[in-house]
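Pasted below: input20.txt, compact mmCIF, N, CA and C atoms.
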```
# COMPACT_ATOMS: atom_id res chain seq x y z
N MET A 562 16.99 -124.00 -206.25
CA MET A 562 16.28 -123.92 -204.99
C MET A 562 16.19 -125.31 -204.35
N LEU A 563 16.46 -125.39 -203.07
CA LEU A 563 16.44 -126.68 -202.38
C LEU A 563 15.02 -127.09 -202.01
N GLU A 564 14.78 -128.37 -202.09
CA GLU A 564 13.50 -128.91 -201.66
C GLU A 564 13.46 -128.91 -200.13
N GLY A 565 12.26 -128.82 -199.58
CA GLY A 565 12.08 -128.81 -198.14
C GLY A 565 12.68 -130.03 -197.46
N ALA A 566 12.49 -131.20 -198.05
CA ALA A 566 13.00 -132.43 -197.44
C ALA A 566 14.52 -132.42 -197.33
N GLU A 567 15.18 -131.87 -198.34
CA GLU A 567 16.65 -131.79 -198.32
C GLU A 567 17.12 -130.86 -197.20
N ARG A 568 16.41 -129.75 -197.02
CA ARG A 568 16.74 -128.82 -195.94
C ARG A 568 16.51 -129.46 -194.58
N GLU A 569 15.39 -130.13 -194.41
CA GLU A 569 15.08 -130.78 -193.14
C GLU A 569 16.12 -131.84 -192.80
N GLU A 570 16.51 -132.61 -193.80
CA GLU A 570 17.53 -133.63 -193.60
C GLU A 570 18.85 -132.99 -193.16
N ALA A 571 19.22 -131.90 -193.80
CA ALA A 571 20.47 -131.21 -193.45
C ALA A 571 20.41 -130.64 -192.03
N VAL A 572 19.25 -130.12 -191.63
CA VAL A 572 19.09 -129.59 -190.27
C VAL A 572 19.29 -130.72 -189.26
N LEU A 573 18.64 -131.85 -189.48
CA LEU A 573 18.77 -132.98 -188.56
C LEU A 573 20.20 -133.51 -188.51
N GLN A 574 20.84 -133.63 -189.67
CA GLN A 574 22.22 -134.12 -189.70
C GLN A 574 23.17 -133.15 -189.00
N ALA A 575 22.96 -131.86 -189.20
CA ALA A 575 23.80 -130.85 -188.54
C ALA A 575 23.61 -130.91 -187.03
N LEU A 576 22.37 -131.03 -186.58
CA LEU A 576 22.11 -131.12 -185.14
C LEU A 576 22.72 -132.38 -184.54
N GLU A 577 22.65 -133.47 -185.29
CA GLU A 577 23.25 -134.71 -184.80
C GLU A 577 24.75 -134.53 -184.62
N LEU A 578 25.39 -133.88 -185.58
CA LEU A 578 26.84 -133.64 -185.48
C LEU A 578 27.16 -132.71 -184.30
N LEU A 579 26.37 -131.65 -184.13
CA LEU A 579 26.64 -130.66 -183.08
C LEU A 579 26.33 -131.19 -181.68
N THR A 580 25.53 -132.25 -181.57
CA THR A 580 25.20 -132.80 -180.25
C THR A 580 25.81 -134.18 -180.03
N ARG A 581 26.67 -134.59 -180.93
CA ARG A 581 27.20 -135.97 -180.93
C ARG A 581 27.83 -136.38 -179.60
N ASN A 582 28.53 -135.50 -178.93
CA ASN A 582 29.23 -135.86 -177.69
C ASN A 582 28.45 -135.49 -176.43
N ALA A 583 27.14 -135.27 -176.58
CA ALA A 583 26.32 -134.83 -175.45
C ALA A 583 25.33 -135.91 -175.04
N ASP A 584 24.97 -135.89 -173.77
CA ASP A 584 23.98 -136.83 -173.27
C ASP A 584 22.61 -136.18 -173.13
N GLU A 585 22.60 -134.86 -172.89
CA GLU A 585 21.32 -134.21 -172.65
C GLU A 585 21.19 -132.96 -173.49
N VAL A 586 20.74 -131.87 -172.90
CA VAL A 586 20.48 -130.64 -173.65
C VAL A 586 21.78 -129.93 -174.01
N VAL A 587 21.86 -129.49 -175.25
CA VAL A 587 23.00 -128.71 -175.73
C VAL A 587 22.45 -127.39 -176.25
N TRP A 588 23.04 -126.29 -175.82
CA TRP A 588 22.66 -124.98 -176.36
C TRP A 588 23.50 -124.75 -177.61
N VAL A 589 22.84 -124.75 -178.75
CA VAL A 589 23.49 -124.62 -180.05
C VAL A 589 23.31 -123.20 -180.55
N LYS A 590 24.42 -122.57 -180.95
CA LYS A 590 24.35 -121.23 -181.53
C LYS A 590 23.76 -121.31 -182.93
N GLY A 591 22.86 -120.40 -183.22
CA GLY A 591 22.25 -120.36 -184.54
C GLY A 591 23.28 -120.24 -185.65
N THR A 592 24.33 -119.46 -185.40
CA THR A 592 25.37 -119.28 -186.43
C THR A 592 26.15 -120.57 -186.66
N ASP A 593 26.42 -121.33 -185.60
CA ASP A 593 27.12 -122.62 -185.75
C ASP A 593 26.25 -123.61 -186.53
N LEU A 594 24.96 -123.62 -186.20
CA LEU A 594 24.04 -124.51 -186.90
C LEU A 594 23.96 -124.13 -188.38
N ARG A 595 23.86 -122.85 -188.65
CA ARG A 595 23.77 -122.37 -190.04
C ARG A 595 25.00 -122.78 -190.84
N GLU A 596 26.18 -122.61 -190.25
CA GLU A 596 27.41 -122.96 -190.96
C GLU A 596 27.51 -124.46 -191.21
N LYS A 597 27.10 -125.26 -190.23
CA LYS A 597 27.14 -126.72 -190.38
C LYS A 597 26.19 -127.14 -191.50
N ILE A 598 24.99 -126.56 -191.52
CA ILE A 598 24.01 -126.87 -192.57
C ILE A 598 24.54 -126.42 -193.93
N ARG A 599 25.12 -125.23 -193.97
CA ARG A 599 25.66 -124.70 -195.22
C ARG A 599 26.70 -125.66 -195.80
N GLY A 600 27.57 -126.19 -194.93
CA GLY A 600 28.58 -127.14 -195.36
C GLY A 600 27.98 -128.43 -195.88
N LEU A 601 26.95 -128.92 -195.19
CA LEU A 601 26.29 -130.16 -195.61
C LEU A 601 25.58 -130.00 -196.95
N LEU A 602 25.02 -128.82 -197.18
CA LEU A 602 24.31 -128.57 -198.42
C LEU A 602 25.24 -128.14 -199.55
N GLY A 603 26.50 -127.82 -199.19
CA GLY A 603 27.47 -127.40 -200.20
C GLY A 603 27.12 -126.05 -200.82
N GLN A 604 26.60 -125.15 -200.01
CA GLN A 604 26.20 -123.84 -200.52
C GLN A 604 27.15 -122.76 -200.04
N SER A 605 27.24 -121.69 -200.83
CA SER A 605 27.99 -120.51 -200.40
C SER A 605 27.10 -119.73 -199.44
N ALA A 606 27.69 -118.76 -198.75
CA ALA A 606 26.92 -117.92 -197.83
C ALA A 606 25.81 -117.19 -198.58
N ASP A 607 26.11 -116.75 -199.81
CA ASP A 607 25.09 -116.06 -200.62
C ASP A 607 23.95 -117.00 -201.00
N GLU A 608 24.30 -118.21 -201.39
CA GLU A 608 23.27 -119.19 -201.77
C GLU A 608 22.38 -119.54 -200.59
N MET A 609 22.97 -119.56 -199.40
CA MET A 609 22.23 -119.91 -198.20
C MET A 609 21.17 -118.84 -197.91
N GLY A 610 21.51 -117.59 -198.19
CA GLY A 610 20.55 -116.50 -197.98
C GLY A 610 20.14 -116.35 -196.54
N ASN A 611 18.95 -115.82 -196.34
CA ASN A 611 18.40 -115.63 -195.01
C ASN A 611 18.14 -117.00 -194.39
N ALA A 612 18.73 -117.27 -193.27
CA ALA A 612 18.61 -118.59 -192.65
C ALA A 612 17.43 -118.67 -191.69
N GLN A 613 16.49 -117.77 -191.82
CA GLN A 613 15.30 -117.78 -190.96
C GLN A 613 14.55 -119.11 -191.08
N TRP A 614 14.65 -119.73 -192.25
CA TRP A 614 13.97 -121.01 -192.47
C TRP A 614 14.44 -122.09 -191.50
N ILE A 615 15.68 -121.97 -191.00
CA ILE A 615 16.20 -122.98 -190.06
C ILE A 615 15.34 -123.01 -188.80
N GLY A 616 15.03 -121.83 -188.26
CA GLY A 616 14.16 -121.75 -187.09
C GLY A 616 12.79 -122.35 -187.35
N HIS A 617 12.26 -122.11 -188.55
CA HIS A 617 10.96 -122.67 -188.91
C HIS A 617 11.01 -124.20 -188.96
N VAL A 618 12.10 -124.74 -189.51
CA VAL A 618 12.26 -126.20 -189.58
C VAL A 618 12.37 -126.77 -188.16
N LEU A 619 13.14 -126.11 -187.29
CA LEU A 619 13.28 -126.58 -185.91
C LEU A 619 11.92 -126.63 -185.21
N LYS A 620 11.10 -125.60 -185.42
CA LYS A 620 9.76 -125.58 -184.83
C LYS A 620 8.89 -126.68 -185.43
N TRP A 621 8.93 -126.81 -186.76
CA TRP A 621 8.11 -127.80 -187.45
C TRP A 621 8.43 -129.21 -186.98
N LEU A 622 9.71 -129.48 -186.74
CA LEU A 622 10.15 -130.79 -186.25
C LEU A 622 9.92 -130.93 -184.74
N GLN A 623 9.39 -129.88 -184.13
CA GLN A 623 9.11 -129.84 -182.69
C GLN A 623 10.36 -130.05 -181.85
N LEU A 624 11.48 -129.51 -182.33
CA LEU A 624 12.74 -129.60 -181.58
C LEU A 624 12.96 -128.38 -180.69
N ILE A 625 12.21 -127.30 -180.94
CA ILE A 625 12.31 -126.11 -180.09
C ILE A 625 10.92 -125.53 -179.84
N ASP A 626 10.82 -124.74 -178.79
CA ASP A 626 9.66 -123.90 -178.53
C ASP A 626 10.19 -122.64 -177.86
N GLN A 627 9.32 -121.77 -177.42
CA GLN A 627 9.76 -120.49 -176.82
C GLN A 627 10.72 -120.68 -175.66
N SER A 628 10.48 -121.69 -174.83
CA SER A 628 11.32 -121.89 -173.65
C SER A 628 12.69 -122.45 -174.01
N ARG A 629 12.85 -122.91 -175.24
CA ARG A 629 14.11 -123.53 -175.66
C ARG A 629 14.84 -122.70 -176.69
N ARG A 630 14.58 -121.39 -176.63
CA ARG A 630 15.24 -120.48 -177.56
C ARG A 630 15.61 -119.21 -176.80
N LYS A 631 16.85 -118.77 -176.96
CA LYS A 631 17.31 -117.54 -176.29
C LYS A 631 18.01 -116.67 -177.31
N HIS A 632 17.99 -115.38 -177.04
CA HIS A 632 18.76 -114.45 -177.86
C HIS A 632 20.07 -114.16 -177.13
N HIS A 633 21.15 -114.05 -177.89
CA HIS A 633 22.43 -113.64 -177.32
C HIS A 633 23.06 -112.65 -178.28
N VAL A 634 24.20 -112.13 -177.90
CA VAL A 634 24.85 -111.07 -178.68
C VAL A 634 25.04 -111.46 -180.15
N GLY A 635 25.42 -112.70 -180.41
CA GLY A 635 25.70 -113.11 -181.79
C GLY A 635 24.51 -113.69 -182.53
N GLY A 636 23.32 -113.67 -181.93
CA GLY A 636 22.15 -114.24 -182.61
C GLY A 636 21.28 -115.03 -181.66
N LYS A 637 20.94 -116.24 -182.06
CA LYS A 637 20.05 -117.07 -181.25
C LYS A 637 20.77 -118.31 -180.74
N LEU A 638 20.28 -118.79 -179.60
CA LEU A 638 20.72 -120.06 -179.03
C LEU A 638 19.50 -120.98 -178.96
N TYR A 639 19.69 -122.23 -179.34
CA TYR A 639 18.62 -123.20 -179.29
C TYR A 639 19.00 -124.34 -178.36
N ALA A 640 18.08 -124.70 -177.45
CA ALA A 640 18.29 -125.84 -176.55
C ALA A 640 17.85 -127.09 -177.30
N ILE A 641 18.81 -127.94 -177.63
CA ILE A 641 18.54 -129.12 -178.44
C ILE A 641 18.81 -130.38 -177.61
N GLU A 642 17.83 -131.28 -177.60
CA GLU A 642 18.01 -132.56 -176.92
C GLU A 642 18.38 -133.61 -177.95
N ARG A 643 19.54 -134.21 -177.76
CA ARG A 643 20.06 -135.19 -178.71
C ARG A 643 19.08 -136.34 -178.97
N ARG A 644 18.45 -136.84 -177.92
CA ARG A 644 17.53 -137.97 -178.10
C ARG A 644 16.37 -137.60 -179.03
N GLU A 645 15.92 -136.34 -178.97
CA GLU A 645 14.84 -135.90 -179.85
C GLU A 645 15.32 -135.82 -181.30
N VAL A 646 16.57 -135.38 -181.49
CA VAL A 646 17.14 -135.33 -182.84
C VAL A 646 17.24 -136.74 -183.41
N LEU A 647 17.75 -137.66 -182.62
CA LEU A 647 17.89 -139.05 -183.08
C LEU A 647 16.53 -139.68 -183.38
N ASP A 648 15.53 -139.35 -182.56
CA ASP A 648 14.18 -139.86 -182.78
C ASP A 648 13.63 -139.35 -184.12
N MET A 649 13.80 -138.06 -184.39
CA MET A 649 13.32 -137.49 -185.66
C MET A 649 14.08 -138.06 -186.85
N MET A 650 15.37 -138.27 -186.69
CA MET A 650 16.16 -138.86 -187.78
C MET A 650 15.64 -140.26 -188.10
N GLN A 651 15.31 -141.01 -187.07
CA GLN A 651 14.80 -142.36 -187.28
C GLN A 651 13.43 -142.31 -187.95
N ARG A 652 12.56 -141.42 -187.48
CA ARG A 652 11.22 -141.30 -188.05
C ARG A 652 11.25 -140.95 -189.54
N TYR A 653 12.16 -140.05 -189.90
CA TYR A 653 12.24 -139.57 -191.29
C TYR A 653 13.31 -140.30 -192.11
N ASP A 654 13.87 -141.35 -191.53
CA ASP A 654 14.87 -142.16 -192.22
C ASP A 654 16.03 -141.32 -192.75
N VAL A 655 16.57 -140.46 -191.87
CA VAL A 655 17.70 -139.59 -192.21
C VAL A 655 18.97 -140.25 -191.71
N PRO A 656 19.92 -140.52 -192.60
CA PRO A 656 21.17 -141.16 -192.16
C PRO A 656 22.09 -140.18 -191.44
N PRO A 657 22.78 -140.64 -190.40
CA PRO A 657 23.77 -139.76 -189.75
C PRO A 657 24.98 -139.57 -190.66
N ILE A 658 25.71 -138.51 -190.41
CA ILE A 658 26.93 -138.22 -191.15
C ILE A 658 28.08 -138.97 -190.50
N GLU A 659 28.85 -139.67 -191.30
CA GLU A 659 30.03 -140.37 -190.78
C GLU A 659 31.22 -139.97 -191.63
N ASN A 660 32.23 -139.40 -190.99
CA ASN A 660 33.45 -138.97 -191.71
C ASN A 660 33.13 -138.01 -192.85
N GLY A 661 32.18 -137.11 -192.60
CA GLY A 661 31.89 -136.06 -193.59
C GLY A 661 30.91 -136.44 -194.68
N THR A 662 30.43 -137.69 -194.70
CA THR A 662 29.45 -138.09 -195.73
C THR A 662 28.33 -138.90 -195.09
N SER A 663 27.18 -138.95 -195.75
CA SER A 663 26.07 -139.75 -195.25
C SER A 663 26.42 -141.22 -195.34
N LYS A 664 25.89 -142.01 -194.43
CA LYS A 664 26.12 -143.47 -194.46
C LYS A 664 25.44 -144.07 -195.66
```
Hey, can you dump this file as structure tokens for me?
Amino acid sequence: MLEGAEREEAVLQALELLTRNADEVVWVKGTDLREKIRGLLGQSADEMGNAQWIGHVLKWLQLIDQSRRKHHVGGKLYAIERREVLDMMQRYDVPPIENGTSK
């Protein structure tokens, strides 16, 4: 079982990767975020289980609220601001991913 801090770190690193080429708000698909996190954690789809915890982590980190979440055919979309992700990474001392590994 993964510790909460490891999950939070993976969520922030995945969001940083998914918003890397953006200046402002990026609508991130929940499925894309889940797959990026799964890859960072090195888990199989079965090990990942129900990814509902990802939404809880996003709320806890104050990266989303009701106005920044939409439902679409394939699941959920989250409005993510890159500057907020970078701010949280700095606060929690989370290293960005460079060339597939943490710095």
>> With DSSP run on the backbone, what are the alpha helix (DSSP H) residues within range 584-657 of chain A? I'd like them as a count of residues only.
In response: 35
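Using all atoms listed in the file, the smallest distance between any of A:Thr592, A:Val634, A:Asp626, A:Ile598 and Leu573 in chain A comes from A:Ile598.
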> From the list A:Lys631, A:Arg643, A:Lys620, A:Lys637, which residue is nearest Leu576 in chain A when using all atoms listed in the file?
Replying inline: A:Arg643
If I wrap all listed atoms of range 632-637 of chain A in a box with edges along x, y and z and add 3 Å on each side, what are its centre and edge lengths in Å to one decimal, as lines of an AutoDock Vina configuration file?
```
center_x = 21.8
center_y = -114.7
center_z = -179.8
size_x = 13.7
size_y = 13.2
size_z = 11.6
```
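Interatomic distance, CA of Ala566 in chain A against CA of Leu602 in chain A: 12.0 Å.
Atom to atom, atom C of Asn611 in chain A and CA of Arg595 in chain A stand 8.9 Å apart.
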>> Could you check the closest approach to Met649 in chain A for each of A:Thr580, A:His632, A:Ser605, A:Leu622 and tell me which residue wins, using only C-alpha atoms?
In response: A:Leu622
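Residue nearest Val646 in chain A, chosen from A:Glu569, A:Leu619, A:Glu577, A:Gly600 and counting all atoms listed in the file: A:Glu577.
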Can you list, as a tab-separated table (two decimals) with N, CA and C atoms, in the frame of the given file, every residue of chain A that DSSP puts in strand (DSSP E or B)?
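Written out: result-v3.tsv:
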```tsv
chain	number	residue	atom	x	y	z
A	586	VAL	N	20.74	-131.87	-172.90
A	586	VAL	CA	20.48	-130.64	-173.65
A	586	VAL	C	21.78	-129.93	-174.01
A	587	VAL	N	21.86	-129.49	-175.25
A	587	VAL	CA	23.00	-128.71	-175.73
A	587	VAL	C	22.45	-127.39	-176.25
A	588	TRP	N	23.04	-126.29	-175.82
A	588	TRP	CA	22.66	-124.98	-176.36
A	588	TRP	C	23.50	-124.75	-177.61
A	589	VAL	N	22.84	-124.75	-178.75
A	589	VAL	CA	23.49	-124.62	-180.05
A	589	VAL	C	23.31	-123.20	-180.55
A	590	LYS	N	24.42	-122.57	-180.95
A	590	LYS	CA	24.35	-121.23	-181.53
A	590	LYS	C	23.76	-121.31	-182.93
A	630	ARG	N	14.58	-121.39	-176.63
A	630	ARG	CA	15.24	-120.48	-177.56
A	630	ARG	C	15.61	-119.21	-176.80
A	631	LYS	N	16.85	-118.77	-176.96
A	631	LYS	CA	17.31	-117.54	-176.29
A	631	LYS	C	18.01	-116.67	-177.31
A	632	HIS	N	17.99	-115.38	-177.04
A	632	HIS	CA	18.76	-114.45	-177.86
A	632	HIS	C	20.07	-114.16	-177.13
A	633	HIS	N	21.15	-114.05	-177.89
A	633	HIS	CA	22.43	-113.64	-177.32
A	633	HIS	C	23.06	-112.65	-178.28
A	636	GLY	N	23.32	-113.67	-181.93
A	636	GLY	CA	22.15	-114.24	-182.61
A	636	GLY	C	21.28	-115.03	-181.66
A	637	LYS	N	20.94	-116.24	-182.06
A	637	LYS	CA	20.05	-117.07	-181.25
A	637	LYS	C	20.77	-118.31	-180.74
A	638	LEU	N	20.28	-118.79	-179.60
A	638	LEU	CA	20.72	-120.06	-179.03
A	638	LEU	C	19.50	-120.98	-178.96
A	639	TYR	N	19.69	-122.23	-179.34
A	639	TYR	CA	18.62	-123.20	-179.29
A	639	TYR	C	19.00	-124.34	-178.36
A	640	ALA	N	18.08	-124.70	-177.45
A	640	ALA	CA	18.29	-125.84	-176.55
A	640	ALA	C	17.85	-127.09	-177.30
A	641	ILE	N	18.81	-127.94	-177.63
A	641	ILE	CA	18.54	-129.12	-178.44
A	641	ILE	C	18.81	-130.38	-177.61
A	642	GLU	N	17.83	-131.28	-177.60
A	642	GLU	CA	18.01	-132.56	-176.92
A	642	GLU	C	18.38	-133.61	-177.95
A	658	ILE	N	25.71	-138.51	-190.41
A	658	ILE	CA	26.93	-138.22	-191.15
A	658	ILE	C	28.08	-138.97	-190.50
A	659	GLU	N	28.85	-139.67	-191.30
A	659	GLU	CA	30.03	-140.37	-190.78
A	659	GLU	C	31.22	-139.97	-191.63
A	662	THR	N	30.43	-137.69	-194.70
A	662	THR	CA	29.45	-138.09	-195.73
A	662	THR	C	28.33	-138.90	-195.09
A	663	SER	N	27.18	-138.95	-195.75
A	663	SER	CA	26.07	-139.75	-195.25
A	663	SER	C	26.42	-141.22	-195.34
```
